[in-house]
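Participant: This is the structure, below, for whatever I ask next.
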4 protein chains.
Amino acid sequence: MDFTHSAKSLELQQRMQQFIADNLDPFEQEYFQLNEQLNPDTNWRNWQVVPETEALKAKAKAAGLWNLFLPDAELGAGLSVLEYAPLAELTGRSLLYPEVFNCNAPDTGNMEVLYHFGNEQQKAKWLTPLLAGEIRSVFFMTEPGVASSDATNMAATITEDGDDLILNGRKWWSSGVGHPNCKVGVFMGLSNPDNPKHQQHSMVLVELDTPGITIERMLTAAGESDAPYGHGEVNFDNVRVPKTNLIQKLGDGFAIAQGRLGPGRIHHCMRCIGAAERVLEMGIKRAMSRSAFGRPIIELGGNRERIADARLAIDQARLLTYFAAWKVDNVGVKQAMTEISAIKVAAPNMLQDIVDMVMQLHGGAGMGPDFGLMRFYAQARSLRLADGPDEVHKGMLSRLELRKYK
Amino acid sequence: MDFTHSAKSLELQQRMQQFIADNLDPFEQEYFQLNEQLNPDTNWRNWQVVPETEALKAKAKAAGLWNLFLPDAELGAGLSVLEYAPLAELTGRSLLYPEVFNCNAPDTGNMEVLYHFGNEQQKAKWLTPLLAGEIRSVFFMTEPGVASSDATNMAATITEDGDDLILNGRKWWSSGVGHPNCKVGVFMGLSNPDNPKHQQHSMVLVELDTPGITIERMLTAAGESDAPYGHGEVNFDNVRVPKTNLIQKLGDGFAIAQGRLGPGRIHHCMRCIGAAERVLEMGIKRAMSRSAFGRPIIELGGNRERIADARLAIDQARLLTYFAAWKVDNVGVKQAMTEISAIKVAAPNMLQDIVDMVMQLHGGAGMGPDFGLMRFYAQARSLRLADGPDEVHKGMLSRLELRKYK
Amino acid sequence: MDFTHSAKSLELQQRMQQFIADNLDPFEQEYFQLNEQLNPDTNWRNWQVVPETEALKAKAKAAGLWNLFLPDAELGAGLSVLEYAPLAELTGRSLLYPEVFNCNAPDTGNMEVLYHFGNEQQKAKWLTPLLAGEIRSVFFMTEPGVASSDATNMAATITEDGDDLILNGRKWWSSGVGHPNCKVGVFMGLSNPDNPKHQQHSMVLVELDTPGITIERMLTAAGESDAPYGHGEVNFDNVRVPKTNLIQKLGDGFAIAQGRLGPGRIHHCMRCIGAAERVLEMGIKRAMSRSAFGRPIIELGGNRERIADARLAIDQARLLTYFAAWKVDNVGVKQAMTEISAIKVAAPNMLQDIVDMVMQLHGGAGMGPDFGLMRFYAQARSLRLADGPDEVHKGMLSRLELRKYK
Amino acid sequence: MDFTHSAKSLELQQRMQQFIADNLDPFEQEYFQLNEQLNPDTNWRNWQVVPETEALKAKAKAAGLWNLFLPDAELGAGLSVLEYAPLAELTGRSLLYPEVFNCNAPDTGNMEVLYHFGNEQQKAKWLTPLLAGEIRSVFFMTEPGVASSDATNMAATITEDGDDLILNGRKWWSSGVGHPNCKVGVFMGLSNPDNPKHQQHSMVLVELDTPGITIERMLTAAGESDAPYGHGEVNFDNVRVPKTNLIQKLGDGFAIAQGRLGPGRIHHCMRCIGAAERVLEMGIKRAMSRSAFGRPIIELGGNRERIADARLAIDQARLLTYFAAWKVDNVGVKQAMTEISAIKVAAPNMLQDIVDMVMQLHGGAGMGPDFGLMRFYAQARSLRLADGPDEVHKGMLSRLELRKYK
């Protein structure tokens, strides 16, 4: 249980902090204003990327702060999950940062799937441009028609037809599908209904301009459109792809997903922790700088206790996420299920609570658009449902706990 | 402490329920879709009212379900605060209802101010069309530049200049200012800085087309634009109004506000309770109708306990709000301060918790746009800051409690 | 829904308050000291009643503050459940008071059973001396061998043998069995195992000196022995009682219990509310009178907010309990099941939370013996399990709630 | 941040677990029964130690599981605070264990004071027999007359008189003073009232048979007498000790206390974590083995979610305590103040919550004496006040947090 930051990780953290201070901090507020102006509503057909983004990406790439999530030493930086964790925390401090460093969900997860499970042809075609930040991707999993908290409910179909696979069904919460550069998706569907429960689904790569794919609408998540990424509801009507687009073989969907979700959840949670640190900082600054009833707001009522509670909650969540990362690195995802489910509950709830508290410290401004607190709320609130709702992860935690007594 | 629904109130409740079932329920979903289409973003200059709204208002007026909040027997229905409370609950079940019945905040509060404190000329000019539902109004109170939780911080000025008053300063969270029919506002500002603390401010009526008024932007509140009502940030630059627009006399602002806020808070809280009932109903229906892991979601984990907790919380909040209403009716607002502050904390927090729980029961759909849960979240979240944040009301509660021991 | 205190109830409240101020307040601290000296441990064989108790009972009887719980106009004061509720609250302010006014659990419940379901002979033999305060009683229900939260699990047996009934089995949490005057118990056992689930059990009266009854030990409840009342674990080994001791007929146990528990739970909850008021009062006084870090403790950190939260919680619980009482009076226990289960959850939890908070306000003294806070903790903690644990009542609440949608 | 258990620590953990399994587990229940029989009440004059204890201590000493808390390689096992932490967790699983391994509070703290700050003569006289487990000790700090949460309030006096010091005042919560072997105390008192605030107090060693010391009574802590250790209220009336009993020099009290409290708090918290693991284990076993409403209790309602919450809370608290220990070892107590205050809040609250939950899982038995849950409640509840109440530690946390922004 050694969470010491390695020299490599530490050095990258310092460089990333410097990069953020030099390039992103001064631009962040402008970015969100520009983004809002460019993408005023949920009509994704006109969505645009803030133009400066590409230049920032190029700068980050040049600075070697690129694809750090990927464990590969050449394609990424060869970081373990634990080594990447504090970097993920840094990227979580603003919703602008992840894309700049090419470590934005769901691309990271999709790249990991391609890296670990894609064949050479698939890698060449999609992993290479994804790693270059030239295209973006989407993961088609959740469905409006079924309770997707039980992933085995997934009902969209993949059927064989000669050398092709035919995709049918409806997906939603397809995050990132609205981005102008989003070109490819990983589609998970029911291919082998007669197999055992966790071998019935497969993953297929599908390009977004394939006939039969319709983005029906873009959903707001907790009030946020997340433009220009977006969360699409997407219909698949006899979408035909070649069998060479199948990842691994039919029925392997859940096996692949399992590998994808472990590190992905750790990244999500570390970003939550970074977000929480940022939000707490905002709360303290605001509450120290404004006065009511003759005293700085920070001195009123239980405010200082709430700061203490927040510090406690953040530090606990960080250590537990480090522990999950360490276990993934050292004993593997399967042995880290308790910790992965635990942080998946702890981190987003911690963030949601702190955001709510800091909103209150801000007064009316807290729930308004100026401080971006609602974006962090949306992040936390969504994550309590995405990748398995709290309740499913608590179910996993208790199942593993009770197993000790059987 | 008699909370018995009077025959008059009961009869109106039944009629309102029938009216809702016949006219509003079937239209509600369409209304929100139309409203979103008409008002896709925060650019209020183009905001429109869903056309059917006027017809519904006419129908409600014809049905005698109009201005029920107003205690006046002729202008309203002569209902006490307690008699109106269950009607306010009914109107709270949808964010569509209040305007239909002409009992939308902040108009109700403004009409009460005019009714109780306006002179005949003011009433004729503004109360009459407000009661007719022909115009709408706004309350200019909170300011971006100061911690408005301490209302004595308010810094916008009202200065005398011959027969006129000159208004200067910046207000925000001016709810309803975006509505096409919004014509008049009540402006609260600092007029007598040398008076004792609670006699320094005044209330002045100001028409929105008066030169010097600029709506700078429309704020989203917890992610919602609340179009076509909106929450404006409004600049006042040497806005000149005749002294006849002054309500009561200079320095009376807080005295008037006190009278305005009591019943208004009770209405807010009853609407929260109606909203909570609606949301709980949605959660139960959803959780009974979808299955995961082989069982209806309602049967999983702690879901049934959460339903029980919600029922308990709603019933407690309702009774406490009835009690506050009863005290306002029977011993006056001043003697009901403990209960008014108590419900102002209890009801919005209860609603926020239940919305959060029901989001979780809905899965991904819960935080999306389809079920309108985020609108109820926004209502609850905003109300925990508006009309005094939770912490200020807890401060009031404890002050009154400690006073017993001095 | 009229919770107005009737003139009769009000007058009794005033008299009871006066009686408490004159006779009990000045003696209370001494009572607890004497009681501890007389009953230093859990060895109930030597337990004694503080001698002054009898004189106080006589005084209360003379003052007409006697058996107020009983709805009978001659034997009690003819009070409805709602009329008695505020009196129960007053008696809850100290664990000394209930016996003085002859309204101590479980005697009140047992007297109600006898009053409503006993025959004339049973009433003459046991109800009369109970109403006179000459003897005390016990209720033998919960069993150590089964999860008694599901009362149908009860396994102690009642078997017919000629004109007698034979009782066998083991009961525990038999509260009051240690009191020197405790003479009779109501024994609930399995008599008709082949009947439908809720018609298998019966209630039988049994005198404590009947051969075969052994008090095995006295349990501490949340650390308190509750001497001289106590919570016994009692063995029944072929205990023979005449069939004339049967209440109603075989299989009627649950039907009788249902009638017993409604008002009983309301009394319990009102006593919790009285206890909470007392505890809050103690907390405020302590926190106003001691200083740390240069200020009175009440002014530190979130303490004032906690006082506000407590006031809010108490007032909500009281109103809900009044509502339950009103429903029992006006529409009957069956129609009040939601409210009865709701308060059974709300009131003890509210008391437990407030006791915990007030302990903290007291510093080290809070968890020590001097302020009696642990007695109130024990009351709350026990009540969260007695008469159905929280979880069972939440189950009932949700069952009734879901029924609306079936 | 390396929490890896060292080989030495791991080996000791394994040996301690084996020792517990072989010698303590089989005896534990009997121990508590014997202890209760020997010490039936709070009359400490007759308190006895369960005779088997000495044999167990000898066995533990022979097994090299002795004085492990002490960092000294010869007198203890040369363990760092982090290395000792998992051992402290193991000792926390039962209130029997700490004394057996000679690592019982307050002796550990007192031994550390003597070890770090005592002179050779003091060490020879008191540290040696303490380390041998021949005598026990007490810490005289908290006072009934002042809010001791602010330690600078301490008012008991130490005055110079020739070669002697005279102690006057009243202390309470003097834990361990009731033990028959308790021979010496560390008395902290006001010696230099004119010094700066944190240099006014001194620590003096005082033997318990010194004239003028009177144990007035033994307090119950959250209902538990903690016999044969006890929590005394002790009066000091002109108690004369030679100046050679002074630890370091006059005015050094707080400086010494600071050094004493860091590791001591970590030990306390690790014991809480061990206790929580034990309690959770009890809850799961009970809830798996008993049934209600046709299913094992663990399957009912939210019980499994509560198990998950407990696992999450324990793991977070353990990691944070490891972190605090690691910081004490690597950067010193002063730099670890945030973490020490954080765990001092987190661990006892976590334990209290889990005990409460597990009580509920046990039904009536949970609050009774059979499972010892109340002892763990008392431990948690006391610790939320001892060594600084929650609120003081939250104050410290927020002060350090806000300092970052000044």
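FYI, nothing fancy with the structure tokens labels: chains A, B, ... in order, residues from 1 per chain, ligands from 1 as they appear.
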Which neighbours of Phe293 of chain A fall inside 9 Å, counting only C-alpha atoms, when residues of the same chain fewer than 6 positions from it are skipped, and could you give them as number ranges by chain?

Facilitator: A: 300; B: 149-150, 152-153

Participant: May I ask you to extract the residues of chain B within 7 Å of chain D, using only C-alpha atoms, and to give them as number ranges by chain?

Facilitator: B: 301-302, 304-305

Participant: Residues near Leu385 of chain B, anyone? I mean within 8 Å using only C-alpha atoms, not counting same-chain ones fewer than 4 positions away, as a JSON list (two decimals) with C-alpha atoms, in the first residue's frame.

Facilitator:
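Below you can see around06.json, which holds the result:
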```json
[["chain", "number", "residue", "atom", "x", "y", "z"],
["A", 360, "GLN", "CA", -24.93, 28.17, -0.24],
["A", 363, "GLY", "CA", -25.56, 33.15, -1.95],
["A", 364, "GLY", "CA", -27.66, 33.75, -5.06],
["B", 381, "ARG", "CA", -32.32, 24.82, -4.72],
["B", 389, "PRO", "CA", -30.86, 31.50, 2.83],
["B", 390, "ASP", "CA", -31.31, 28.50, 5.13]]
```

Participant: Give me, as a VMD selection string, all polymer residues having an atom no more than 12 Å from Phe254 of chain B, counting only C-alpha atoms and skipping those fewer than 4 positions away in the same chain.

Facilitator: chain B and resid 113 141 151 to 152 154 188 to 191 196 to 203 247 to 250 258 to 261

Participant: Got a sec: who's within 10 Å of Gly185 of chain B, counting only C-alpha atoms, leaving out chain neighbours fewer than 5 positions off, as a ChimeraX atom specification?

Facilitator: /B:106-107,110,126,136-140,174,176-177,203-208

Participant: Using only C-alpha atoms, determine which residues lie at most 10 Å from His393 of chain A, disregarding the query and same-chain residues fewer than 2 positions distant; provide the list as an NGL selection string.

Facilitator: (:A and (149 or 337-338 or 340-345 or 384 or 387-391 or 395-399)) or (:D and (305 or 308))

Participant: Tell me, which residues of segment 67-281 of chain D carry DSSP alpha helix (DSSP H), written as a VMD selection string?

Facilitator: chain D and resid 81 to 91 97 to 100 107 to 117 120 to 122 128 to 131 253 to 281

Participant: Using only C-alpha atoms, pick whichever of C:Leu130, C:Ala287, C:Val331, C:Ala60 has the shortest atom-to-atom distance to Val358 of chain C.

Facilitator: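 Among the listed residues, the smallest separation from Val358 of chain C belongs to C:Ala287.
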
Participant: At what distance in Å, to one decimal, does atom CA of Gly78 of chain C lie from atom CA of Asn245 of chain C?

Facilitator: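 Spanning atom CA of Asn245 of chain C to atom CA of Gly78 of chain C is a straight-line distance of 27.4 Å.
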
Participant: Would you kindly return, as a ChimeraX atom specification, each protein, DNA or RNA residue with an atom no farther than 12 Å from any atom of Asp41 of chain B, considering only C-alpha atoms and excluding same-chain residues fewer than 5 positions away?

Facilitator: /A:36-37,39-43,224-225 /B:35-36,46-48,217-220,223-228,230

Participant: Please give the complete set of residues from segment 102-169 of chain B that DSSP, run on the backbone, assigns to strand (DSSP E or B), formatted as an mmCIF file with N, CA and C atoms, in the first residue's frame.

Facilitator:
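Ended up saving to states26.cif:
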```
data_model
loop_
_atom_site.group_PDB
_atom_site.id
_atom_site.type_symbol
_atom_site.label_atom_id
_atom_site.label_comp_id
_atom_site.auth_asym_id
_atom_site.auth_seq_id
_atom_site.Cartn_x
_atom_site.Cartn_y
_atom_site.Cartn_z
ATOM 1 N N ARG B 136 -47.679 41.512 -15.803
ATOM 2 C CA ARG B 136 -46.925 40.817 -14.763
ATOM 3 C C ARG B 136 -45.909 41.784 -14.168
ATOM 4 N N SER B 137 -45.305 41.355 -13.069
ATOM 5 C CA SER B 137 -44.459 42.288 -12.319
ATOM 6 C C SER B 137 -43.189 41.614 -11.821
ATOM 7 N N VAL B 138 -42.350 42.427 -11.241
ATOM 8 C CA VAL B 138 -41.048 41.945 -10.781
ATOM 9 C C VAL B 138 -40.701 42.654 -9.477
ATOM 10 N N PHE B 139 -39.837 42.023 -8.688
ATOM 11 C CA PHE B 139 -39.418 42.605 -7.419
ATOM 12 C C PHE B 139 -37.910 42.796 -7.487
ATOM 13 N N PHE B 140 -37.475 44.046 -7.419
ATOM 14 C CA PHE B 140 -36.042 44.355 -7.526
ATOM 15 C C PHE B 140 -35.427 44.493 -6.138
ATOM 16 N N THR B 157 -29.522 52.909 -4.684
ATOM 17 C CA THR B 157 -30.004 54.119 -4.010
ATOM 18 C C THR B 157 -31.300 54.668 -4.597
ATOM 19 N N ILE B 158 -32.028 55.315 -3.729
ATOM 20 C CA ILE B 158 -33.209 56.094 -4.100
ATOM 21 C C ILE B 158 -32.949 57.507 -3.573
ATOM 22 N N THR B 159 -32.852 58.431 -4.495
ATOM 23 C CA THR B 159 -32.592 59.806 -4.015
ATOM 24 C C THR B 159 -33.691 60.737 -4.489
ATOM 25 N N GLU B 160 -33.992 61.718 -3.676
ATOM 26 C CA GLU B 160 -35.054 62.668 -4.003
ATOM 27 C C GLU B 160 -34.521 63.749 -4.939
ATOM 28 N N ASP B 161 -35.334 64.108 -5.873
ATOM 29 C CA ASP B 161 -34.970 65.217 -6.772
ATOM 30 C C ASP B 161 -36.252 65.926 -7.157
ATOM 31 N N ASP B 164 -39.450 64.069 -8.018
ATOM 32 C CA ASP B 164 -39.073 62.745 -8.512
ATOM 33 C C ASP B 164 -38.160 62.009 -7.534
ATOM 34 N N LEU B 165 -38.040 60.733 -7.791
ATOM 35 C CA LEU B 165 -37.054 59.908 -7.115
ATOM 36 C C LEU B 165 -36.128 59.354 -8.187
ATOM 37 N N ILE B 166 -34.849 59.313 -7.878
ATOM 38 C CA ILE B 166 -33.874 58.799 -8.841
ATOM 39 C C ILE B 166 -33.334 57.471 -8.324
ATOM 40 N N LEU B 167 -33.424 56.451 -9.155
ATOM 41 C CA LEU B 167 -32.978 55.116 -8.761
ATOM 42 C C LEU B 167 -31.657 54.797 -9.450
ATOM 43 N N ASN B 168 -30.712 54.300 -8.658
ATOM 44 C CA ASN B 168 -29.426 53.899 -9.209
ATOM 45 C C ASN B 168 -28.973 52.596 -8.564
ATOM 46 N N GLY B 169 -28.285 51.795 -9.342
ATOM 47 C CA GLY B 169 -27.739 50.559 -8.782
ATOM 48 C C GLY B 169 -28.007 49.360 -9.667
#
```

Participant: So what do you get for atom CA of Arg318 of chain C versus atom CA of Met367 of chain C, distance-wise?

Facilitator: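 Distance between the two atoms: 26.2 Å.
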